[in-house]
file input.csv (CSV, C-alpha atoms and all ligand atoms)
chain,number,residue,atom,x,y,z
A,151,MET,CA,80.8,13.4,151.3
A,152,GLN,CA,77.4,13.0,152.8
A,153,LEU,CA,76.9,16.8,152.4
A,154,ALA,CA,77.9,16.7,148.7
A,155,ARG,CA,75.5,13.9,148.1
A,156,THR,CA,72.7,15.8,149.8
A,157,ALA,CA,73.6,18.9,147.8
A,158,ASN,CA,73.4,16.8,144.5
A,159,LEU,CA,70.0,15.4,145.4
A,160,PHE,CA,68.8,18.9,146.0
A,161,TYR,CA,70.3,20.0,142.8
A,162,ASP,CA,68.5,17.3,140.8
A,163,ALA,CA,65.3,18.0,142.5
A,164,ALA,CA,65.7,21.7,141.7
A,165,LEU,CA,66.4,20.9,138.0
A,166,SER,CA,63.3,18.6,137.7
A,167,LEU,CA,61.3,21.5,139.1
A,168,ILE,CA,62.7,23.8,136.5
A,169,TYR,CA,61.7,21.7,133.5
A,170,PRO,CA,59.1,21.5,132.3
A,171,ARG,CA,58.4,25.0,133.5
A,172,ALA,CA,55.6,27.4,132.9
A,173,CYS,CA,56.2,29.7,129.9
A,174,GLY,CA,56.8,33.3,131.1
A,175,VAL,CA,54.4,34.6,128.5
A,176,CYS,CA,51.4,32.3,128.3
A,177,GLY,CA,51.9,29.8,131.2
A,178,ALA,CA,51.9,26.7,129.0
A,179,ALA,CA,54.6,24.1,129.6
A,180,VAL,CA,58.0,24.8,128.1
A,181,GLU,CA,58.8,21.5,126.5
A,182,SER,CA,62.4,22.1,125.6
A,183,ARG,CA,65.1,23.3,127.9
A,184,HIS,CA,66.7,24.9,124.8
A,185,ASP,CA,63.8,27.5,124.7
A,186,GLY,CA,64.5,28.8,128.3
A,187,ALA,CA,61.8,30.9,129.8
A,188,ALA,CA,59.2,30.8,127.0
A,189,CYS,CA,57.4,28.1,125.0
A,190,ALA,CA,58.0,27.4,121.3
A,191,ALA,CA,54.7,29.1,120.3
A,192,CYS,CA,55.6,32.3,122.2
A,193,TRP,CA,59.0,32.3,120.5
A,194,LYS,CA,57.3,32.1,117.2
A,195,GLY,CA,55.1,35.1,118.1
A,196,THR,CA,58.1,37.3,119.1
A,197,ARG,CA,59.8,39.6,116.6
A,198,ILE,CA,63.4,38.5,115.9
A,199,PHE,CA,65.4,40.6,113.5
A,200,GLY,CA,66.7,38.7,110.5
A,201,GLY,CA,69.3,41.2,109.5
A,202,ASP,CA,67.6,42.4,106.3
A,203,GLU,CA,65.3,45.0,107.9
A,204,ALA,CA,65.9,48.7,107.0
A,205,VAL,CA,67.5,50.1,110.1
A,206,CYS,CA,69.7,53.1,110.9
A,207,TRP,CA,73.2,51.8,110.4
A,208,LYS,CA,74.4,53.4,113.6
A,209,CYS,CA,71.7,53.0,116.2
A,210,GLY,CA,69.7,50.1,114.7
A,211,ALA,CA,66.3,51.9,114.9
A,212,GLU,CA,63.9,50.7,112.2
A,213,THR,CA,63.4,53.3,109.5
A,214,GLY,CA,60.6,51.5,107.6
A,215,GLY,CA,60.7,50.9,103.9
A,216,ALA,CA,63.4,49.0,102.1
A,217,VAL,CA,67.0,49.7,101.3
A,218,ALA,CA,69.3,48.1,98.8
A,219,LEU,CA,72.0,45.9,100.3
A,220,GLU,CA,74.9,48.1,99.1
A,221,LYS,CA,73.2,51.3,100.5
A,222,ARG,CA,72.6,50.0,104.0
A,223,SER,CA,75.6,51.7,105.6
A,224,GLU,CA,74.4,55.0,104.3
A,225,LEU,CA,71.1,54.8,106.1
A,226,VAL,CA,71.4,56.9,109.3
A,227,CYS,CA,68.5,58.4,111.3
A,228,HIS,CA,70.6,61.2,112.7
A,229,ARG,CA,68.7,61.2,116.0
A,230,CYS,CA,71.7,59.1,117.2
A,231,ASP,CA,74.4,61.4,116.0
A,232,GLU,CA,75.5,62.2,119.6
A,233,GLU,CA,75.8,58.6,120.7
A,234,SER,CA,79.3,57.4,121.5
A,235,PHE,CA,78.9,53.8,120.1
A,236,THR,CA,79.9,53.0,116.5
A,237,ALA,CA,76.8,50.9,116.0
A,238,ALA,CA,74.1,49.2,118.1
A,239,ARG,CA,72.0,46.1,117.2
A,240,ALA,CA,69.5,43.9,119.0
A,241,CYS,CA,68.4,40.4,118.4
A,242,GLY,CA,64.7,41.4,118.5
A,243,ILE,CA,62.0,43.5,120.0
A,244,TYR,CA,61.4,43.7,123.8
A,245,GLU,CA,58.2,41.7,123.8
A,246,GLY,CA,56.8,38.2,124.3
A,247,ALA,CA,59.5,35.5,124.6
A,248,LEU,CA,62.4,37.9,124.6
A,249,ARG,CA,60.9,40.0,127.4
A,250,ALA,CA,60.1,36.9,129.5
A,251,SER,CA,63.7,35.6,128.9
A,252,ILE,CA,65.2,38.9,130.0
A,253,LEU,CA,63.0,39.0,133.2
A,254,ALA,CA,64.0,35.4,134.0
A,255,LEU,CA,67.7,36.3,133.4
A,256,LYS,CA,67.4,38.8,136.2
A,257,ARG,CA,66.4,36.1,138.6
A,258,GLU,CA,68.6,33.2,137.6
A,259,PRO,CA,72.0,33.1,135.8
A,260,HIS,CA,71.0,30.7,133.1
A,261,VAL,CA,71.4,31.6,129.4
A,262,SER,CA,69.3,29.2,127.3
A,263,ALA,CA,70.7,27.8,124.1
A,264,ARG,CA,68.1,29.8,122.2
A,265,LEU,CA,69.3,33.1,123.7
A,266,ALA,CA,73.0,32.3,123.1
A,267,ARG,CA,72.2,31.4,119.4
A,268,LEU,CA,70.3,34.7,118.9
A,269,LEU,CA,73.3,36.7,120.2
A,270,PHE,CA,75.7,34.7,118.0
A,271,GLU,CA,73.6,35.2,114.9
A,272,ALA,CA,73.2,39.0,115.5
A,273,GLY,CA,76.8,39.4,116.4
A,274,ARG,CA,78.1,38.0,113.2
A,275,ARG,CA,76.3,40.4,110.9
A,276,PRO,CA,78.2,43.5,109.8
A,277,PRO,CA,79.2,45.9,111.2
A,278,LEU,CA,79.3,44.0,114.5
A,279,ASP,CA,81.3,41.1,113.0
A,280,SER,CA,84.5,43.2,113.1
A,281,ALA,CA,84.6,43.2,116.9
A,282,THR,CA,87.5,41.4,118.6
A,283,LEU,CA,86.7,41.7,122.4
A,284,ILE,CA,83.5,41.1,124.3
A,285,VAL,CA,82.8,43.5,127.2
A,286,PRO,CA,79.6,43.2,129.3
A,287,VAL,CA,77.9,46.3,130.7
A,288,PRO,CA,78.8,46.2,134.4
A,289,LEU,CA,76.4,46.3,137.3
A,290,HIS,CA,77.3,48.4,140.2
A,291,ALA,CA,79.2,46.2,142.7
A,292,GLU,CA,76.5,46.7,145.3
A,293,ARG,CA,73.7,45.6,143.0
A,294,GLN,CA,75.7,42.6,141.8
A,295,ARG,CA,76.1,41.5,145.4
A,296,GLU,CA,72.3,41.7,145.9
A,297,ARG,CA,71.6,39.7,142.8
A,298,GLY,CA,74.6,37.4,143.0
A,299,PHE,CA,75.5,37.8,139.3
A,300,ASN,CA,75.5,40.2,136.4
A,301,GLN,CA,73.1,39.1,133.6
A,302,ALA,CA,75.1,41.0,130.9
A,303,ALA,CA,78.2,39.0,131.9
A,304,GLU,CA,76.2,35.8,131.7
A,305,LEU,CA,75.2,36.7,128.2
A,306,GLY,CA,78.8,37.7,127.3
A,307,ARG,CA,80.1,34.4,128.5
A,308,ALA,CA,77.5,32.4,126.6
A,309,LEU,CA,78.3,34.4,123.4
A,310,ALA,CA,82.1,34.0,123.8
A,311,LYS,CA,81.6,30.2,124.0
A,312,LEU,CA,80.0,30.3,120.6
A,313,ASN,CA,82.1,32.8,118.7
A,314,GLY,CA,85.4,32.3,120.4
A,315,LEU,CA,86.1,35.9,121.1
A,316,ARG,CA,87.9,36.9,124.3
A,317,LEU,CA,85.7,38.1,127.2
A,318,ASP,CA,86.8,41.0,129.4
A,319,GLU,CA,84.5,41.2,132.4
A,320,TRP,CA,86.7,43.4,134.6
A,321,SER,CA,88.1,46.4,132.6
A,322,LEU,CA,84.9,48.3,132.4
A,323,ALA,CA,83.4,49.2,135.8
A,324,ARG,CA,80.5,51.3,137.1
A,325,SER,CA,81.9,54.1,139.2
A,326,LEU,CA,78.8,55.7,140.6
A,327,HIS,CA,75.8,54.0,142.1
A,328,THR,CA,73.3,55.2,139.5
A,329,GLU,CA,69.7,55.6,140.3
A,330,ARG,CA,67.5,52.7,139.2
A,331,HIS,CA,65.7,53.4,136.0
A,332,ARG,CA,62.1,53.9,136.9
A,333,ALA,CA,59.1,53.5,134.8
A,334,GLY,CA,58.1,56.9,133.6
A,335,MET,CA,61.7,58.2,133.7
A,336,ASP,CA,62.1,60.2,130.5
A,337,ALA,CA,64.9,59.9,128.0
A,338,ARG,CA,66.7,62.9,129.4
A,339,SER,CA,66.7,61.8,133.0
A,340,ARG,CA,67.8,58.3,132.0
A,341,ARG,CA,70.7,59.8,130.2
A,342,GLU,CA,71.7,62.1,133.0
A,343,SER,CA,71.6,59.2,135.5
A,344,VAL,CA,74.2,57.1,133.6
A,345,GLU,CA,76.4,59.9,132.2
A,346,ASN,CA,79.9,59.5,133.7
A,347,ALA,CA,78.8,56.4,135.5
A,348,PHE,CA,81.5,54.1,133.9
A,349,GLU,CA,85.2,54.0,134.0
A,350,VAL,CA,87.9,51.8,132.5
A,351,ALA,CA,90.0,50.2,135.2
A,352,ARG,CA,92.6,48.8,132.9
A,353,PRO,CA,92.9,50.9,129.7
A,354,ARG,CA,95.9,48.9,128.6
A,355,LEU,CA,93.5,45.9,127.8
A,356,ILE,CA,91.1,48.1,125.9
A,357,GLU,CA,93.4,50.3,123.9
A,358,GLY,CA,93.2,49.7,120.1
A,359,LYS,CA,90.5,47.0,120.6
A,360,SER,CA,87.2,46.8,118.7
A,361,VAL,CA,84.8,46.1,121.5
A,362,LEU,CA,81.5,44.2,121.4
A,363,LEU,CA,79.5,45.6,124.3
A,364,ILE,CA,76.8,43.3,125.6
A,365,ASP,CA,73.7,44.1,127.6
A,366,ASP,CA,70.2,42.7,127.9
A,367,VAL,CA,68.0,45.6,126.7
A,368,PHE,CA,68.5,48.7,124.6
A,369,THR,CA,65.9,51.3,125.7
A,370,THR,CA,67.1,54.8,125.0
A,371,GLY,CA,70.7,53.8,124.3
A,372,ALA,CA,71.9,56.0,127.2
A,373,THR,CA,73.7,53.1,129.0
A,374,VAL,CA,75.6,51.6,126.1
A,375,SER,CA,76.5,55.1,124.9
A,376,ALA,CA,77.9,56.0,128.3
A,377,CYS,CA,79.9,52.8,128.3
A,378,ALA,CA,81.1,53.4,124.8
A,379,ALA,CA,82.3,56.9,125.8
A,380,ALA,CA,84.4,55.5,128.6
A,381,LEU,CA,85.8,52.7,126.4
A,382,LYS,CA,86.7,55.2,123.6
A,383,ALA,CA,88.3,57.5,126.2
A,384,ALA,CA,90.4,54.5,127.2
A,385,GLY,CA,91.5,54.0,123.6
A,386,ALA,CA,89.0,51.6,122.1
A,387,GLN,CA,89.0,51.9,118.3
A,388,GLU,CA,85.3,50.9,117.9
A,389,VAL,CA,82.5,50.1,120.2
A,390,PHE,CA,79.6,48.0,118.9
A,391,ALA,CA,76.7,47.3,121.2
A,392,LEU,CA,74.7,44.1,121.1
A,393,THR,CA,71.6,43.6,123.2
A,394,LEU,CA,69.1,40.8,123.3
A,395,ALA,CA,66.2,43.2,122.7
A,396,ARG,CA,65.4,46.8,122.0
A,397,SER,CA,62.3,48.5,123.2
A,398,ALA,CA,59.9,49.3,120.4
A,399,GLN,CA,59.3,52.9,121.4
A,400,PHE,CA,62.8,54.2,120.7
B,1,ZN,ZN,54.1,30.5,125.8
B,2,ZN,ZN,70.1,56.2,114.4
call {"tool": "encode", "arguments": {"input": "input.csv", "output": "structure tokens"}}
result
Amino acid sequence: MQLARTANLFYDAALSLIYPRACGVCGAAVESRHDGAACAACWKGTRIFGGDEAVCWKCGAETGGAVALEKRSELVCHRCDEESFTAARACGIYEGALRASILALKREPHVSARLARLLFEAGRRPPLDSATLIVPVPLHAERQRERGFNQAAELGRALAKLNGLRLDEWSLARSLHTERHRAGMDARSRRESVENAFEVARPRLIEGKSVLLIDDVFTTGATVSACAAALKAAGAQEVFALTLARSAQF
């Protein structure tokens, strides 16, 4: 009892230390817990997709220019022809408040209301809105032990609470301990390091499903594509990828 009370006191003290906290971008105080790791001004300066940008229907890369609503699904960049996912989208660009939120999410398993809302909004736009099952990109078991949680699973859980879709954290697993993506690793070596790194432990639960794969960042697309290949091999009908951010260079 005494122990529980002490733990609670520590917990309250920890919470009061967390908010107000310093914005991960500019250092100013984050006034609202809703905003998570960045202040309102930095959120304002971060590019969030509104759903009406001209993007490749498959990989979500911006193509520039404008496209009529009814022609959107015909816009394909063809650099992504080999990717195994059906379509990939992100909430915004890997910069400012989104970048700070993603870095914070690697340290503490807290998904702010703002992040959850962004995933919810992006996930309900076509073609992602036809997904029926949420599957987070898994971490290797060893790395998950080091960190104590999988940030993609935290995102998946927060999204499932909002959109009511079922969440399957266990069917997709990482089979090989892949090399950490290093800065300077080119697209080809990133791709080779994750190829065949995933397997579906329980294909029965994946067969015929339209999966919404969740991860924090889309860089080259190699990770979500490797996951999608494993899920499709297990019988998934479609695999859509949704990430918080995509890096601007790809
Ligand atoms: Zn700020
Ligand atoms: Zn594309």
call {"tool": "residues_near_ligand", "arguments": {"input": "input.csv", "ligand": "ligand ZN 2 (chain B)", "cutoff": "12 Å", "atoms": "all atoms listed in the file", "output": "PyMOL selection string"}}
result
chain A and resi 204-213+223-239+370-371+400
call {"tool": "residues_near_ligand", "arguments": {"input": "input.csv", "ligand": "ligand ZN 1 (chain B)", "cutoff": "7 Å", "atoms": "all atoms listed in the file", "output": "PyMOL selection string"}}
result
chain A and resi 173-178+188-192
call {"tool": "atom_distance", "arguments": {"input": "input.csv", "atom1": "CA of Arg316 (chain A)", "atom2": "CA of Phe199 (chain A)"}}
result
25.2 Å
call {"tool": "closest_residue", "arguments": {"input": "input.csv", "among": "A:Pro276, A:Gly200, A:Pro170, A:Gly214", "to": "Gly242 (chain A)", "atoms": "all atoms listed in the file"}}
result
A:Gly200
call {"tool": "atom_distance", "arguments": {"input": "input.csv", "atom1": "CA of Leu363 (chain A)", "atom2": "CA of Ala218 (chain A)"}}
result
27.6 Å
call {"tool": "residues_around", "arguments": {"input": "input.csv", "residues": "Ser325 (chain A)", "least_positions_apart": "2", "cutoff": "12 Å", "atoms": "only C-alpha atoms", "output": "list in words"}}
result
Pro288, Leu289, His290, Ala291, Glu292, Ser321, Leu322, Ala323, His327, Thr328, Val344, Glu345, Asn346, Ala347, Phe348, Glu349, Val350, Ala351, Ala376, Cys377 and Ala380 of chain A
call {"tool": "atom_distance", "arguments": {"input": "input.csv", "atom1": "CA of Arg307 (chain A)", "atom2": "CA of Ser262 (chain A)"}}
result
12.0 Å
call {"tool": "closest_residue", "arguments": {"input": "input.csv", "among": "A:Val374, A:Leu392, A:Leu309, A:Leu315", "to": "Arg340 (chain A)", "atoms": "all atoms listed in the file"}}
result
A:Val374
call {"tool": "closest_residue", "arguments": {"input": "input.csv", "among": "A:Ala254, A:Val261, A:Arg354, A:Arg197", "to": "His184 (chain A)", "atoms": "all atoms listed in the file"}}
result
A:Val261
call {"tool": "closest_residue", "arguments": {"input": "input.csv", "among": "A:Glu319, A:Glu388, A:Asp202, A:Asp366", "to": "Ala240 (chain A)", "atoms": "all atoms listed in the file"}}
result
A:Asp366
call {"tool": "residues_around", "arguments": {"input": "input.csv", "residues": "Ile364 (chain A)", "least_positions_apart": "5", "cutoff": "8 Å", "atoms": "only C-alpha atoms", "output": "CSV table (one decimal) with C-alpha atoms, in the coordinates of the input"}}
result
chain,number,residue,atom,x,y,z
A,284,ILE,CA,83.5,41.1,124.3
A,285,VAL,CA,82.8,43.5,127.2
A,286,PRO,CA,79.6,43.2,129.3
A,287,VAL,CA,77.9,46.3,130.7
A,302,ALA,CA,75.1,41.0,130.9
A,303,ALA,CA,78.2,39.0,131.9
A,305,LEU,CA,75.2,36.7,128.2
A,306,GLY,CA,78.8,37.7,127.3
A,391,ALA,CA,76.7,47.3,121.2
A,392,LEU,CA,74.7,44.1,121.1
A,393,THR,CA,71.6,43.6,123.2
call {"tool": "residues_around", "arguments": {"input": "input.csv", "residues": "region 382-386 of chain A", "least_positions_apart": "5", "cutoff": "6 Å", "atoms": "all atoms listed in the file", "output": "VMD selection string"}}
result
chain A and resid 353 356 to 359
call {"tool": "closest_residue", "arguments": {"input": "input.csv", "among": "A:Lys311, A:Leu362, A:Ser375, A:Gly246", "to": "Gln387 (chain A)", "atoms": "only C-alpha atoms"}}
result
A:Leu362
call {"tool": "closest_residue", "arguments": {"input": "input.csv", "among": "A:Arg324, A:Asp336, A:Ala310, A:Asp279", "to": "Arg293 (chain A)", "atoms": "all atoms listed in the file"}}
result
A:Arg324
call {"tool": "residues_around", "arguments": {"input": "input.csv", "residues": "Leu268 (chain A)", "least_positions_apart": "4", "cutoff": "8 Å", "atoms": "only C-alpha atoms", "output": "number ranges by chain"}}
result
A: 241, 264, 272, 394
call {"tool": "build_atoms", "arguments": {"input": "input.csv", "residues": "region 314-325 of chain A", "atoms": "all heavy atoms", "output": "PDB file, in the coordinates of the input"}}
result
ATOM      1  N   GLY A 314      83.983  32.399 120.121  1.00  0.00           N
ATOM      2  CA  GLY A 314      85.400  32.300 120.400  1.00  0.00           C
ATOM      3  C   GLY A 314      86.139  33.560 120.685  1.00  0.00           C
ATOM      4  O   GLY A 314      87.360  33.564 120.842  1.00  0.00           O
ATOM      5  N   LEU A 315      85.402  34.676 120.788  1.00  0.00           N
ATOM      6  CA  LEU A 315      86.100  35.900 121.100  1.00  0.00           C
ATOM      7  C   LEU A 315      86.453  35.967 122.589  1.00  0.00           C
ATOM      8  O   LEU A 315      85.835  35.310 123.415  1.00  0.00           O
ATOM      9  CB  LEU A 315      85.159  37.141 120.818  1.00  0.00           C
ATOM     10  CG  LEU A 315      84.866  37.471 119.361  1.00  0.00           C
ATOM     11  CD1 LEU A 315      84.098  38.785 119.271  1.00  0.00           C
ATOM     12  CD2 LEU A 315      86.146  37.568 118.547  1.00  0.00           C
ATOM     13  N   ARG A 316      87.459  36.765 122.898  1.00  0.00           N
ATOM     14  CA  ARG A 316      87.900  36.900 124.300  1.00  0.00           C
ATOM     15  C   ARG A 316      86.844  37.742 125.032  1.00  0.00           C
ATOM     16  O   ARG A 316      86.225  38.634 124.464  1.00  0.00           O
ATOM     17  CB  ARG A 316      89.250  37.565 124.352  1.00  0.00           C
ATOM     18  CG  ARG A 316      90.075  37.138 125.560  1.00  0.00           C
ATOM     19  CD  ARG A 316      91.552  37.474 125.341  1.00  0.00           C
ATOM     20  NE  ARG A 316      91.757  38.918 125.204  1.00  0.00           N
ATOM     21  CZ  ARG A 316      91.713  39.778 126.240  1.00  0.00           C
ATOM     22  NH1 ARG A 316      91.479  39.361 127.449  1.00  0.00           N
ATOM     23  NH2 ARG A 316      91.930  41.067 126.034  1.00  0.00           N
ATOM     24  N   LEU A 317      86.677  37.426 126.323  1.00  0.00           N
ATOM     25  CA  LEU A 317      85.700  38.100 127.200  1.00  0.00           C
ATOM     26  C   LEU A 317      86.474  38.880 128.232  1.00  0.00           C
ATOM     27  O   LEU A 317      87.324  38.301 128.906  1.00  0.00           O
ATOM     28  CB  LEU A 317      84.761  37.113 127.782  1.00  0.00           C
ATOM     29  CG  LEU A 317      83.789  37.609 128.844  1.00  0.00           C
ATOM     30  CD1 LEU A 317      82.643  38.380 128.208  1.00  0.00           C
ATOM     31  CD2 LEU A 317      83.225  36.435 129.642  1.00  0.00           C
ATOM     32  N   ASP A 318      86.195  40.171 128.385  1.00  0.00           N
ATOM     33  CA  ASP A 318      86.800  41.000 129.400  1.00  0.00           C
ATOM     34  C   ASP A 318      85.721  41.494 130.358  1.00  0.00           C
ATOM     35  O   ASP A 318      85.014  42.430 130.006  1.00  0.00           O
ATOM     36  CB  ASP A 318      87.625  42.110 128.821  1.00  0.00           C
ATOM     37  CG  ASP A 318      88.312  42.966 129.887  1.00  0.00           C
ATOM     38  OD1 ASP A 318      87.910  42.905 131.068  1.00  0.00           O
ATOM     39  OD2 ASP A 318      89.246  43.704 129.528  1.00  0.00           O
ATOM     40  N   GLU A 319      85.569  40.850 131.515  1.00  0.00           N
ATOM     41  CA  GLU A 319      84.500  41.200 132.400  1.00  0.00           C
ATOM     42  C   GLU A 319      84.937  42.299 133.437  1.00  0.00           C
ATOM     43  O   GLU A 319      84.124  42.776 134.220  1.00  0.00           O
ATOM     44  CB  GLU A 319      84.058  40.029 133.282  1.00  0.00           C
ATOM     45  CG  GLU A 319      83.306  38.983 132.538  1.00  0.00           C
ATOM     46  CD  GLU A 319      82.836  37.897 133.496  1.00  0.00           C
ATOM     47  OE1 GLU A 319      82.289  38.234 134.561  1.00  0.00           O
ATOM     48  OE2 GLU A 319      83.040  36.708 133.174  1.00  0.00           O
ATOM     49  N   TRP A 320      86.227  42.620 133.453  1.00  0.00           N
ATOM     50  CA  TRP A 320      86.700  43.400 134.600  1.00  0.00           C
ATOM     51  C   TRP A 320      87.209  44.808 134.223  1.00  0.00           C
ATOM     52  O   TRP A 320      87.302  45.657 135.098  1.00  0.00           O
ATOM     53  CB  TRP A 320      87.854  42.640 135.285  1.00  0.00           C
ATOM     54  CG  TRP A 320      87.414  41.248 135.585  1.00  0.00           C
ATOM     55  CD1 TRP A 320      87.856  40.089 134.988  1.00  0.00           C
ATOM     56  CD2 TRP A 320      86.394  40.834 136.514  1.00  0.00           C
ATOM     57  NE1 TRP A 320      87.186  39.008 135.490  1.00  0.00           N
ATOM     58  CE2 TRP A 320      86.304  39.430 136.424  1.00  0.00           C
ATOM     59  CE3 TRP A 320      85.561  41.523 137.390  1.00  0.00           C
ATOM     60  CZ2 TRP A 320      85.388  38.705 137.196  1.00  0.00           C
ATOM     61  CZ3 TRP A 320      84.658  40.800 138.158  1.00  0.00           C
ATOM     62  CH2 TRP A 320      84.583  39.420 138.061  1.00  0.00           C
ATOM     63  N   SER A 321      87.545  45.058 132.961  1.00  0.00           N
ATOM     64  CA  SER A 321      88.100  46.400 132.600  1.00  0.00           C
ATOM     65  C   SER A 321      87.154  47.510 132.746  1.00  0.00           C
ATOM     66  O   SER A 321      87.505  48.607 133.157  1.00  0.00           O
ATOM     67  CB  SER A 321      88.753  46.330 131.244  1.00  0.00           C
ATOM     68  OG  SER A 321      89.867  45.463 131.241  1.00  0.00           O
ATOM     69  N   LEU A 322      85.902  47.252 132.372  1.00  0.00           N
ATOM     70  CA  LEU A 322      84.900  48.300 132.400  1.00  0.00           C
ATOM     71  C   LEU A 322      84.146  48.178 133.764  1.00  0.00           C
ATOM     72  O   LEU A 322      83.647  47.105 134.093  1.00  0.00           O
ATOM     73  CB  LEU A 322      83.930  48.196 131.267  1.00  0.00           C
ATOM     74  CG  LEU A 322      82.841  49.275 131.155  1.00  0.00           C
ATOM     75  CD1 LEU A 322      83.446  50.652 130.893  1.00  0.00           C
ATOM     76  CD2 LEU A 322      81.851  48.923 130.039  1.00  0.00           C
ATOM     77  N   ALA A 323      84.070  49.292 134.506  1.00  0.00           N
ATOM     78  CA  ALA A 323      83.400  49.200 135.800  1.00  0.00           C
ATOM     79  C   ALA A 323      82.439  50.390 135.965  1.00  0.00           C
ATOM     80  O   ALA A 323      82.542  51.407 135.278  1.00  0.00           O
ATOM     81  CB  ALA A 323      84.471  49.311 136.919  1.00  0.00           C
ATOM     82  N   ARG A 324      81.478  50.203 136.860  1.00  0.00           N
ATOM     83  CA  ARG A 324      80.500  51.300 137.100  1.00  0.00           C
ATOM     84  C   ARG A 324      81.074  52.058 138.317  1.00  0.00           C
ATOM     85  O   ARG A 324      81.377  51.494 139.365  1.00  0.00           O
ATOM     86  CB  ARG A 324      79.169  50.663 137.505  1.00  0.00           C
ATOM     87  CG  ARG A 324      78.001  51.464 136.986  1.00  0.00           C
ATOM     88  CD  ARG A 324      76.712  50.761 137.297  1.00  0.00           C
ATOM     89  NE  ARG A 324      76.159  50.127 136.109  1.00  0.00           N
ATOM     90  CZ  ARG A 324      75.081  50.581 135.464  1.00  0.00           C
ATOM     91  NH1 ARG A 324      74.456  51.649 135.866  1.00  0.00           N
ATOM     92  NH2 ARG A 324      74.628  49.952 134.406  1.00  0.00           N
ATOM     93  N   SER A 325      81.246  53.349 138.127  1.00  0.00           N
ATOM     94  CA  SER A 325      81.900  54.100 139.200  1.00  0.00           C
ATOM     95  C   SER A 325      80.947  54.741 140.155  1.00  0.00           C
ATOM     96  O   SER A 325      81.250  54.940 141.309  1.00  0.00           O
ATOM     97  CB  SER A 325      82.783  55.201 138.539  1.00  0.00           C
ATOM     98  OG  SER A 325      82.063  55.883 137.545  1.00  0.00           O
TER      99      SER A 325
END
